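*Asks:* Supplied structure: model-v9.cif, mmCIF, C-alpha atoms and all ligand atoms.
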data_structure
#
loop_
_atom_site.label_atom_id
_atom_site.label_comp_id
_atom_site.auth_asym_id
_atom_site.auth_seq_id
_atom_site.Cartn_x
_atom_site.Cartn_y
_atom_site.Cartn_z
CA MET A 449 107.24 115.06 66.89
CA LYS A 450 108.26 113.48 70.19
CA GLU A 451 105.34 112.56 72.44
CA ILE A 452 105.22 112.81 76.26
CA ASN A 453 102.55 110.94 78.19
CA VAL A 454 101.29 112.34 81.46
CA GLY A 455 99.67 110.57 84.41
CA MET A 456 98.05 112.94 86.90
CA VAL A 457 97.04 112.25 90.52
CA GLY A 458 94.04 114.28 91.76
CA TYR A 459 91.11 115.63 89.80
CA LYS A 460 89.61 118.53 91.74
CA PHE A 461 90.78 122.18 91.98
CA MET A 462 94.38 121.80 90.81
CA GLY A 463 93.49 118.70 88.81
CA LYS A 464 91.16 120.86 86.72
CA ALA A 465 93.69 123.73 86.45
CA HIS A 466 96.45 121.34 85.29
CA SER A 467 94.16 119.46 82.89
CA ASN A 468 93.14 122.75 81.31
CA ALA A 469 96.79 123.81 81.02
CA LEU A 470 97.82 120.55 79.35
CA SER A 471 94.94 120.89 76.89
CA ARG A 472 95.88 124.48 75.95
CA LEU A 473 99.66 123.89 75.59
CA GLY A 474 99.94 122.71 72.01
CA MET A 475 97.15 125.02 70.88
CA PHE A 476 98.95 128.23 71.88
CA PHE A 477 102.66 127.44 72.35
CA ASP A 478 105.25 126.06 69.95
CA CYS A 479 106.08 123.02 72.03
CA SER A 480 108.99 120.71 71.24
CA ALA A 481 106.80 117.68 72.04
CA GLN A 482 103.20 116.65 71.92
CA VAL A 483 101.91 116.31 75.47
CA ASN A 484 99.26 113.61 75.90
CA LYS A 485 96.81 113.45 78.80
CA LYS A 486 97.14 109.70 79.21
CA ALA A 487 95.63 108.81 82.60
CA ILE A 488 94.12 110.67 85.54
CA CYS A 489 94.06 109.04 88.96
CA GLY A 490 91.78 109.20 92.00
CA ARG A 491 90.44 106.80 94.60
CA ASP A 492 86.73 107.13 93.81
CA GLU A 493 86.21 105.26 90.53
CA ALA A 494 82.93 106.91 89.50
CA ALA A 495 84.30 110.40 90.22
CA VAL A 496 87.64 109.87 88.50
CA LYS A 497 85.95 108.33 85.45
CA LYS A 498 83.70 111.37 85.18
CA ALA A 499 86.71 113.69 85.54
CA ALA A 500 88.61 111.77 82.85
CA GLU A 501 85.73 112.27 80.42
CA LYS A 502 85.11 115.91 81.32
CA PHE A 503 88.79 116.98 81.28
CA GLY A 504 89.65 114.95 78.19
CA TRP A 505 92.00 112.26 79.55
CA ASP A 506 92.49 109.02 77.57
CA GLY A 507 91.82 106.87 80.63
CA TYR A 508 91.95 106.67 84.41
CA GLU A 509 93.41 104.71 87.32
CA THR A 510 92.19 104.28 90.89
CA SER A 511 95.64 103.57 92.33
CA TRP A 512 98.62 105.92 92.00
CA GLU A 513 100.83 102.95 92.89
CA LYS A 514 99.79 101.42 89.57
CA LEU A 515 99.95 104.70 87.66
CA VAL A 516 103.61 105.32 88.54
CA THR A 517 104.65 101.89 87.25
CA ARG A 518 102.92 102.12 83.87
CA SER A 519 105.50 101.88 81.09
CA ASP A 520 103.48 104.20 78.83
CA ILE A 521 103.69 107.12 81.30
CA ASP A 522 106.66 109.56 81.18
CA VAL A 523 105.57 112.28 83.63
CA ILE A 524 103.67 112.16 86.92
CA ASP A 525 101.76 115.32 87.81
CA ILE A 526 100.82 115.46 91.54
CA THR A 527 97.74 117.55 92.39
CA ALA A 528 96.74 115.70 95.57
CA PRO A 529 97.05 117.39 99.01
CA SER A 530 100.49 117.65 100.62
CA ASN A 531 100.29 114.45 102.70
CA ALA A 532 100.28 112.42 99.46
CA HIS A 533 103.14 114.24 97.70
CA LYS A 534 106.10 112.38 99.18
CA SER A 535 105.07 108.76 98.65
CA ILE A 536 103.87 109.45 95.10
CA ALA A 537 107.00 111.42 94.19
CA LEU A 538 109.42 108.83 95.64
CA ALA A 539 107.68 106.00 93.79
CA ALA A 540 107.49 108.02 90.57
CA ALA A 541 111.20 108.94 90.74
CA GLU A 542 112.19 105.32 91.43
CA ASN A 543 110.23 104.34 88.33
CA GLY A 544 112.13 106.94 86.27
CA LYS A 545 109.21 109.33 85.80
CA HIS A 546 109.71 113.09 85.58
CA ILE A 547 107.61 114.88 88.20
CA PHE A 548 105.55 118.03 88.44
CA CYS A 549 104.34 118.51 92.03
CA GLU A 550 101.99 121.09 93.52
CA LYS A 551 103.13 123.27 96.43
CA PRO A 552 104.01 123.06 99.27
CA LEU A 553 106.42 120.27 98.34
CA ALA A 554 105.75 118.16 101.45
CA LEU A 555 104.37 118.07 104.98
CA THR A 556 107.77 118.79 106.53
CA LEU A 557 111.23 120.07 105.59
CA ASP A 558 112.71 116.59 106.13
CA ASP A 559 110.19 115.08 103.71
CA ALA A 560 110.87 117.80 101.14
CA ARG A 561 114.61 117.08 101.39
CA GLU A 562 113.96 113.35 100.90
CA MET A 563 111.98 114.13 97.75
CA LEU A 564 114.79 116.31 96.39
CA GLU A 565 117.34 113.57 97.14
CA SER A 566 115.22 111.00 95.34
CA VAL A 567 114.68 112.99 92.12
CA THR A 568 118.38 113.91 92.07
CA LYS A 569 119.50 110.29 92.62
CA ASN A 570 117.13 108.96 89.98
CA GLY A 571 118.04 111.64 87.42
CA VAL A 572 114.48 112.73 86.64
CA ARG A 573 113.31 116.28 85.88
CA HIS A 574 111.25 117.99 88.58
CA GLN A 575 109.25 121.19 88.99
CA ILE A 576 107.05 122.61 91.76
CA GLY A 577 103.77 124.48 91.17
CA PHE A 578 104.67 128.05 92.14
CA ASN A 579 102.45 129.30 89.33
CA TYR A 580 102.44 132.99 90.29
CA ARG A 581 106.03 133.23 89.03
CA PHE A 582 104.53 132.72 85.58
CA ALA A 583 102.25 135.76 85.50
CA PRO A 584 103.66 138.02 82.74
CA ALA A 585 103.70 141.00 85.14
CA VAL A 586 105.79 139.02 87.67
CA ARG A 587 108.22 137.97 84.92
CA LEU A 588 108.46 141.62 83.87
CA MET A 589 109.11 142.56 87.51
CA LYS A 590 111.95 140.03 87.66
CA ASN A 591 113.46 141.29 84.38
CA MET A 592 113.28 144.90 85.61
CA ILE A 593 114.94 144.04 88.93
CA ASP A 594 117.70 142.09 87.16
CA ALA A 595 118.22 145.06 84.80
CA GLY A 596 118.77 147.32 87.84
CA LYS A 597 115.62 149.43 87.32
CA ILE A 598 114.91 149.74 91.06
CA GLY A 599 118.52 149.59 92.22
CA THR A 600 119.53 148.05 95.53
CA ILE A 601 116.57 146.38 97.22
CA ARG A 602 115.83 147.56 100.76
CA HIS A 603 112.26 146.39 101.51
CA VAL A 604 109.87 143.58 100.55
CA ARG A 605 106.22 143.68 101.62
CA ALA A 606 103.95 140.75 100.76
CA SER A 607 100.57 139.50 101.84
CA TYR A 608 98.18 136.76 100.76
CA LEU A 609 94.70 137.42 102.12
CA GLN A 610 91.53 135.35 101.82
CA ASP A 611 88.29 135.33 103.81
CA PHE A 612 86.65 131.96 103.14
CA ILE A 613 86.91 130.40 106.63
CA ILE A 614 85.83 133.33 108.81
CA ASP A 615 82.48 131.67 109.70
CA PRO A 616 83.18 129.43 112.77
CA GLU A 617 80.74 126.90 111.27
CA PHE A 618 82.78 126.57 108.05
CA PRO A 619 83.78 122.87 108.03
CA LEU A 620 87.07 121.26 108.97
CA ILE A 621 88.45 120.85 105.44
CA TRP A 622 91.84 119.17 104.83
CA ARG A 623 93.48 122.62 104.65
CA LEU A 624 92.82 122.89 108.44
CA GLN A 625 94.22 119.48 109.39
CA LYS A 626 97.97 119.35 110.04
CA GLU A 627 98.36 115.66 109.15
CA ILE A 628 97.09 116.41 105.63
CA CYS A 629 98.31 119.95 104.88
CA GLY A 630 101.36 120.26 107.18
CA SER A 631 100.84 123.98 107.74
CA GLY A 632 97.80 126.31 107.57
CA SER A 633 97.68 129.76 106.01
CA LEU A 634 101.49 129.86 106.06
CA GLY A 635 102.02 126.68 104.02
CA ASP A 636 99.01 127.15 101.76
CA LEU A 637 99.17 130.89 101.02
CA GLY A 638 102.50 132.00 102.47
CA ALA A 639 104.35 129.40 100.39
CA HIS A 640 103.53 131.46 97.30
CA PHE A 641 104.90 134.77 98.56
CA ILE A 642 107.92 133.10 100.14
CA ASP A 643 108.71 131.73 96.70
CA LEU A 644 108.01 135.07 94.97
CA ALA A 645 110.25 136.87 97.46
CA ARG A 646 113.04 134.33 96.88
CA TYR A 647 112.59 134.61 93.10
CA LEU A 648 112.58 138.41 93.04
CA VAL A 649 114.81 139.38 95.98
CA GLY A 650 116.94 136.38 96.97
CA ASP A 651 117.31 133.91 99.82
CA PHE A 652 115.98 134.49 103.33
CA LYS A 653 118.56 134.82 106.13
CA SER A 654 116.43 134.91 109.29
CA VAL A 655 112.79 135.25 110.36
CA MET A 656 110.72 136.20 113.43
CA GLY A 657 106.97 135.66 113.52
CA MET A 658 103.64 134.97 115.18
CA GLN A 659 100.87 132.51 114.33
CA LYS A 660 97.31 132.24 115.57
CA THR A 661 94.41 129.79 115.33
CA PHE A 662 91.29 131.91 115.82
CA ILE A 663 88.67 129.13 115.57
CA LYS A 664 89.87 126.03 117.41
CA SER A 665 87.15 123.53 116.44
CA ARG A 666 84.86 123.13 113.43
CA PRO A 667 82.20 120.71 112.18
CA MET A 668 83.56 117.72 110.25
CA VAL A 669 83.38 118.27 106.49
CA GLN A 670 80.84 116.43 104.33
CA GLU A 671 81.66 117.77 100.85
CA MET A 672 84.32 120.06 99.44
CA THR A 673 84.85 121.65 96.01
CA GLY A 674 87.54 124.23 95.40
CA LEU A 675 87.37 126.48 98.48
CA SER A 676 83.66 125.76 99.19
CA ALA A 677 82.56 123.09 101.65
CA SER A 678 79.53 121.85 103.55
CA ALA A 679 78.91 119.93 106.77
CA LYS A 680 75.87 117.93 107.94
CA GLU A 681 73.67 119.61 110.53
CA ASP A 682 74.82 118.53 114.02
CA ALA A 683 78.03 117.11 112.56
CA PRO A 684 80.64 116.25 115.21
CA ARG A 685 83.41 118.82 115.59
CA GLY A 686 87.12 118.31 115.14
CA GLU A 687 90.19 120.28 116.19
CA VAL A 688 91.85 122.88 113.94
CA ASP A 689 95.56 122.24 114.52
CA VAL A 690 97.11 124.67 112.04
CA ASP A 691 97.47 128.45 111.89
CA ASP A 692 94.53 130.55 110.68
CA GLY A 693 96.83 133.54 110.30
CA THR A 694 100.60 134.10 110.26
CA VAL A 695 102.64 137.30 110.32
CA PHE A 696 106.40 137.44 110.15
CA VAL A 697 109.32 139.70 109.45
CA ALA A 698 112.52 138.64 107.72
CA GLU A 699 116.02 139.63 106.78
CA PHE A 700 117.39 138.55 103.40
CA GLU A 701 120.93 137.39 102.60
CA ASN A 702 121.40 140.59 100.55
CA GLY A 703 120.46 142.78 103.54
CA ALA A 704 116.88 143.63 102.52
CA LEU A 705 114.09 143.56 105.13
CA GLY A 706 110.69 141.90 104.60
CA VAL A 707 107.20 142.02 106.15
CA PHE A 708 104.77 139.18 105.42
CA GLU A 709 101.14 138.29 106.25
CA ALA A 710 99.10 135.19 105.34
CA THR A 711 95.50 134.76 106.46
CA ARG A 712 92.07 133.44 105.52
CA PHE A 713 90.45 135.87 107.98
CA ALA A 714 90.73 139.13 106.00
CA GLN A 715 87.09 139.99 105.35
CA GLY A 716 86.51 141.15 101.76
CA HIS A 717 89.77 139.74 100.38
CA LYS A 718 89.16 136.79 98.05
CA ASN A 719 92.51 135.79 96.58
CA ASP A 720 94.50 138.89 97.35
CA LEU A 721 98.17 138.10 96.81
CA SER A 722 100.38 141.15 96.56
CA ILE A 723 104.08 141.89 96.71
CA GLU A 724 105.85 145.25 96.74
CA ILE A 725 109.58 145.75 96.45
CA ASN A 726 111.36 149.00 97.21
CA GLY A 727 114.86 149.73 95.92
CA ASP A 728 116.96 152.87 96.13
CA LYS A 729 116.11 153.79 92.51
CA GLY A 730 112.45 152.77 92.38
CA SER A 731 109.61 150.54 93.50
CA LEU A 732 107.56 147.75 91.93
CA LYS A 733 104.21 146.35 93.05
CA PHE A 734 102.19 143.36 91.81
CA VAL A 735 98.63 142.63 92.94
CA PHE A 736 97.33 139.28 91.71
CA GLU A 737 93.68 140.33 91.46
CA ARG A 738 94.90 142.90 88.89
CA MET A 739 97.38 140.46 87.41
CA ASN A 740 97.74 142.13 84.01
CA GLU A 741 99.15 145.26 85.60
CA LEU A 742 102.48 146.17 87.21
CA GLN A 743 102.97 149.33 89.27
CA TYR A 744 106.35 151.02 88.83
CA PHE A 745 107.86 154.13 90.42
CA SER A 746 111.15 155.43 89.09
CA ALA A 747 113.15 157.98 91.07
CA GLY A 748 114.80 158.83 87.72
CA ASP A 749 111.61 160.39 86.31
CA GLU A 750 111.48 164.14 85.80
CA ALA A 751 110.97 166.13 89.02
CA GLY A 752 107.37 167.27 89.38
CA LEU A 753 106.11 164.46 87.10
CA GLN A 754 107.05 161.56 89.35
CA GLY A 755 104.51 159.01 90.52
CA PHE A 756 103.60 155.33 90.30
CA ARG A 757 102.84 154.38 86.69
CA LEU A 758 100.64 151.48 85.71
CA ILE A 759 102.23 149.19 83.14
CA GLN A 760 99.77 146.98 81.24
CA ALA A 761 101.86 143.82 81.07
CA SER A 762 99.61 142.38 78.39
CA GLU A 763 101.34 143.42 75.19
CA GLY A 764 103.03 141.01 72.82
CA ILE A 765 106.46 142.20 74.04
CA HIS A 766 105.71 141.03 77.59
CA PRO A 767 106.69 137.51 78.71
CA TYR A 768 104.39 134.76 77.31
CA MET A 769 101.89 137.27 75.86
CA SER A 770 102.76 136.75 72.21
CA ALA A 771 101.42 133.19 72.51
CA TRP A 772 97.94 134.44 73.39
CA TRP A 773 95.73 137.15 71.95
CA PRO A 774 96.25 140.49 70.16
CA THR A 775 97.92 143.11 72.34
CA GLY A 776 95.99 144.25 75.42
CA HIS A 777 93.59 141.29 75.34
CA VAL A 778 94.18 140.34 78.95
CA ILE A 779 94.76 136.89 80.44
CA GLY A 780 93.78 135.25 83.77
CA TYR A 781 94.63 132.81 86.56
CA GLU A 782 94.49 129.70 84.39
CA HIS A 783 97.15 131.05 82.03
CA THR A 784 99.81 130.93 84.76
CA PHE A 785 99.41 127.13 84.75
CA VAL A 786 99.80 126.92 80.98
CA HIS A 787 103.03 128.91 81.23
CA GLU A 788 104.50 126.77 84.01
CA MET A 789 103.58 123.58 82.13
CA PHE A 790 105.12 124.93 78.90
CA GLU A 791 108.43 125.58 80.68
CA PHE A 792 108.37 122.20 82.43
CA PHE A 793 107.73 120.11 79.32
CA GLU A 794 110.39 122.00 77.35
CA CYS A 795 112.86 121.02 80.09
CA VAL A 796 111.70 117.41 80.00
CA VAL A 797 112.09 117.15 76.20
CA ASN A 798 115.39 119.03 76.08
CA ASN A 799 116.73 117.37 79.24
CA THR A 800 117.52 120.68 80.95
CA PRO A 801 116.88 121.71 84.60
CA ALA A 802 113.39 123.03 85.32
CA SER A 803 112.64 126.08 87.47
CA PRO A 804 111.25 126.43 90.10
CA ASP A 805 112.29 122.89 91.03
CA PHE A 806 112.24 120.70 94.15
CA ALA A 807 115.30 122.58 95.47
CA ASP A 808 113.13 125.72 95.47
CA GLY A 809 110.43 123.67 97.20
CA VAL A 810 112.94 122.69 99.90
CA LYS A 811 114.03 126.31 100.40
CA CYS A 812 110.39 127.35 100.75
CA SER A 813 109.74 124.59 103.31
CA GLN A 814 112.84 125.72 105.20
CA VAL A 815 111.39 129.24 105.56
CA ILE A 816 107.98 127.82 106.57
CA GLU A 817 109.56 125.70 109.30
CA ALA A 818 111.73 128.58 110.46
CA VAL A 819 108.67 130.84 110.83
CA GLU A 820 106.83 128.11 112.78
CA LEU A 821 109.82 127.65 115.09
CA ALA A 822 110.21 131.40 115.52
CA ALA A 823 106.53 131.71 116.46
CA GLN A 824 106.83 128.86 119.01
CA ARG A 825 110.04 130.21 120.53
CA ARG A 826 109.11 133.91 120.23
CA ALA A 827 112.63 134.39 118.89
CA THR A 828 114.54 134.99 115.67
CA VAL A 829 115.43 131.83 113.74
CA ASP A 830 118.34 131.68 111.27
CA ILE A 831 117.39 129.81 108.10
CA SER A 832 120.83 128.17 107.99
CA SER A 833 120.14 126.50 111.37
CA LEU A 834 117.54 124.20 109.72
N1 LIG B 901 99.33 126.53 92.76
C1 LIG B 901 98.23 126.97 93.33
O1 LIG B 901 97.86 128.13 93.19
C2 LIG B 901 97.42 126.03 94.17
C3 LIG B 901 96.06 126.30 94.42
C4 LIG B 901 95.33 125.36 95.16
C5 LIG B 901 95.94 124.23 95.65
N2 LIG B 901 97.27 124.02 95.42
C6 LIG B 901 97.94 122.81 95.93
O2 LIG B 901 97.49 121.69 95.14
C7 LIG B 901 97.32 120.52 95.95
C8 LIG B 901 95.87 120.05 95.84
O3 LIG B 901 95.00 121.08 96.24
P1 LIG B 901 93.53 121.18 95.64
O4 LIG B 901 93.01 122.50 96.07
O5 LIG B 901 93.52 120.82 94.21
O6 LIG B 901 92.81 120.04 96.49
P2 LIG B 901 91.40 119.35 96.19
O7 LIG B 901 90.88 118.89 97.50
O8 LIG B 901 90.54 120.24 95.35
O9 LIG B 901 91.80 118.11 95.29
C9 LIG B 901 92.66 117.10 95.78
C10 LIG B 901 92.56 115.88 94.89
O10 LIG B 901 93.49 114.89 95.36
C11 LIG B 901 92.80 113.64 95.49
N3 LIG B 901 93.50 112.86 96.53
C12 LIG B 901 93.62 113.15 97.84
N4 LIG B 901 94.38 112.22 98.46
C13 LIG B 901 94.73 111.33 97.51
C14 LIG B 901 95.48 110.13 97.52
N5 LIG B 901 96.03 109.67 98.66
N6 LIG B 901 95.61 109.43 96.36
C15 LIG B 901 95.06 109.89 95.24
N7 LIG B 901 94.34 111.04 95.15
C16 LIG B 901 94.18 111.73 96.28
C17 LIG B 901 91.38 114.01 95.83
O11 LIG B 901 90.50 112.98 95.55
C18 LIG B 901 91.19 115.22 94.90
O12 LIG B 901 90.87 114.80 93.59
C19 LIG B 901 97.74 120.93 97.35
O13 LIG B 901 99.10 120.59 97.53
C20 LIG B 901 97.57 122.45 97.37
O14 LIG B 901 98.42 123.11 98.28
C21 LIG B 901 98.00 124.88 94.67
#
Using structure tokens, write down the structure from this file.
Ligand SMILES: NC(=O)c1ccc[n+]([C@@H]2O[C@H](COP(=O)([O-])OP(=O)(O)OC[C@H]3O[C@@H](n4cnc5c(N)ncnc54)[C@H](O)[C@@H]3O)[C@@H](O)[C@H]2O)c1
*Replies:*
Amino acid sequence: MKEINVGMVGYKFMGKAHSNALSRLGMFFDCSAQVNKKAICGRDEAAVKKAAEKFGWDGYETSWEKLVTRSDIDVIDITAPSNAHKSIALAAAENGKHIFCEKPLALTLDDAREMLESVTKNGVRHQIGFNYRFAPAVRLMKNMIDAGKIGTIRHVRASYLQDFIIDPEFPLIWRLQKEICGSGSLGDLGAHFIDLARYLVGDFKSVMGMQKTFIKSRPMVQEMTGLSASAKEDAPRGEVDVDDGTVFVAEFENGALGVFEATRFAQGHKNDLSIEINGDKGSLKFVFERMNELQYFSAGDEAGLQGFRLIQASEGIHPYMSAWWPTGHVIGYEHTFVHEMFEFFECVVNNTPASPDFADGVKCSQVIEAVELAAQRRATVDISSL
């Protein structure tokens, strides 16, 4: 069997999610190649060595510049924050490596476009980490829309709500610093529903929005793991220069209207991503925290018995489910990463285009920048103007 060697940059939240996915691949899916976790990379040698041992990587590097030139590496997997994506991706592409990159693709639309140009010019395969596309219920939603089950789409309603930075003393993590993340709640959370809306409904035509930074300064961060962080007592404060919350409305190329909200200030909401789509024949709704379920209303149901039905998208006939457990034995967050990795490596081995790819990353960045411009100008912005 063909073997593919992976080098991954970053070893924390996404580093762990991707390592787990790579480890599960061959165990559950009939892959066309054996995927080897060759080397994991980070700047702190003691920490990256520990991660390599814990996550089961063959070895480690402390410089991504070296990792991307290693002749025994075929794929570079980027799980560092957005400010590192571009330089790593450009160097990886120039060295002929296929690339998997976490979202958002880059700090800016221009950078995202440069990354797309580079992977295209160098003929390498590329995919972006919009993992929610790979929830079986979302795949089912897509199949139902394509089969005409809800008819012509009129409305899209999506929100991604978290509450982990409400405390004004929560530290200034990289997700709140523009030079590292590029955009706040919009780029971090909104990127996911922008991609889902594009996947399920189609391309955005124009947007109009508002953004707000509620807490303008925070104590400098001392330690951060996942979405938890701590600061020293009396730590100096730094400026928050990204949005804490963003709301926007949109028109789609196919005429549908959309309403969107991204925030980390929605008390009680932990990782509450939801998207509802209304067509003239029915409606569909997906709520990530109940990811094994899909809500479906059909206007074709018998009069007097109509109502939203709850489909358990966890049977063997649903996308990806036959690879896992007996029917109804539900799956979780981490499985979305296994699914996206399965699709990516199949494309690498078979030399076929991956999806969602860097072009989808560029389109997402285009909507992010359009919303930011619209909020600054207090005016509608056409996506095609960017
Ligand atoms: N798909 C998803 O659902 C999802 C969820 C969370 C984060 N993300 C994305 O994944 C990326 C990473 O986020 P995270 O939450 O894992 O961050 P994190 O802070 O948990 O981990 C970042 C890792 O990158 C390393 N790193 C930072 N700068 C580096 C550099 N210059 N060179 C080498 N290593 C470097 C850090 O040491 C750390 O190991 C971001 O782009 C983020 O938007 C995606």
*Asks:* Go through the chains and note each residue within 6 Å of ligand LIG 901 (chain B), using only C-alpha atoms and all ligand atoms, then give the set as a list in words.
*Replies:*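 Final answer, ordered by chain and number: Val457, Gly458, Tyr459, Lys460, Phe461, Met462, Gly463, Gly490, Arg491, Thr527, Ala528, Pro529, Ser530, Ala532, Glu550, Lys551, Pro552, Gly577, Phe578, Asn579, Asp636, Thr673 and Gly674 of chain A.
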*Asks:* Pull the neighbourhood of (92.8, 105.3, 83.2) for me: all residues within 12 Å in file coordinates, counting only C-alpha atoms, as a PyMOL selection string.
*Replies:* chain A and resi 454-457+485-491+493-494+496-501+504-512+514-515+518+520-521
*Asks:* Could you name the residues that touch stretch 814-831 of chain A at 12 Å or less, counting all atoms listed in the file, but leaving out those on the same chain fewer than 2 positions away, as number ranges by chain?
*Replies:* A: 552-561, 630-643, 645-646, 651-660, 690-691, 693-701, 708-710, 807-812, 833-834
*Asks:* When you count only C-alpha atoms, which of these residues is closest to A:Ile723: A:Ala606, A:Leu644, A:Met789, A:Leu538?
*Replies:*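 Closest candidate: A:Ala606.
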*Asks:* Show me the residues around (90.5, 128.1, 117.3) - criterion: an atom at most 10 Å away, only C-alpha atoms counted - as number ranges by chain.
*Replies:* A: 616, 660-666, 687-692
*Asks:* Can you measure atom CA of A:Leu742 to atom CA of A:Met589 for me? One decimal in Å is fine.
*Replies:*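 Here the two named atoms are 7.6 Å from each other.
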*Asks:* What is the distance, in Å and to one decimal place, between atom CA of A:Ser471 and atom CA of A:Lys502?
*Replies:* 11.9 Å
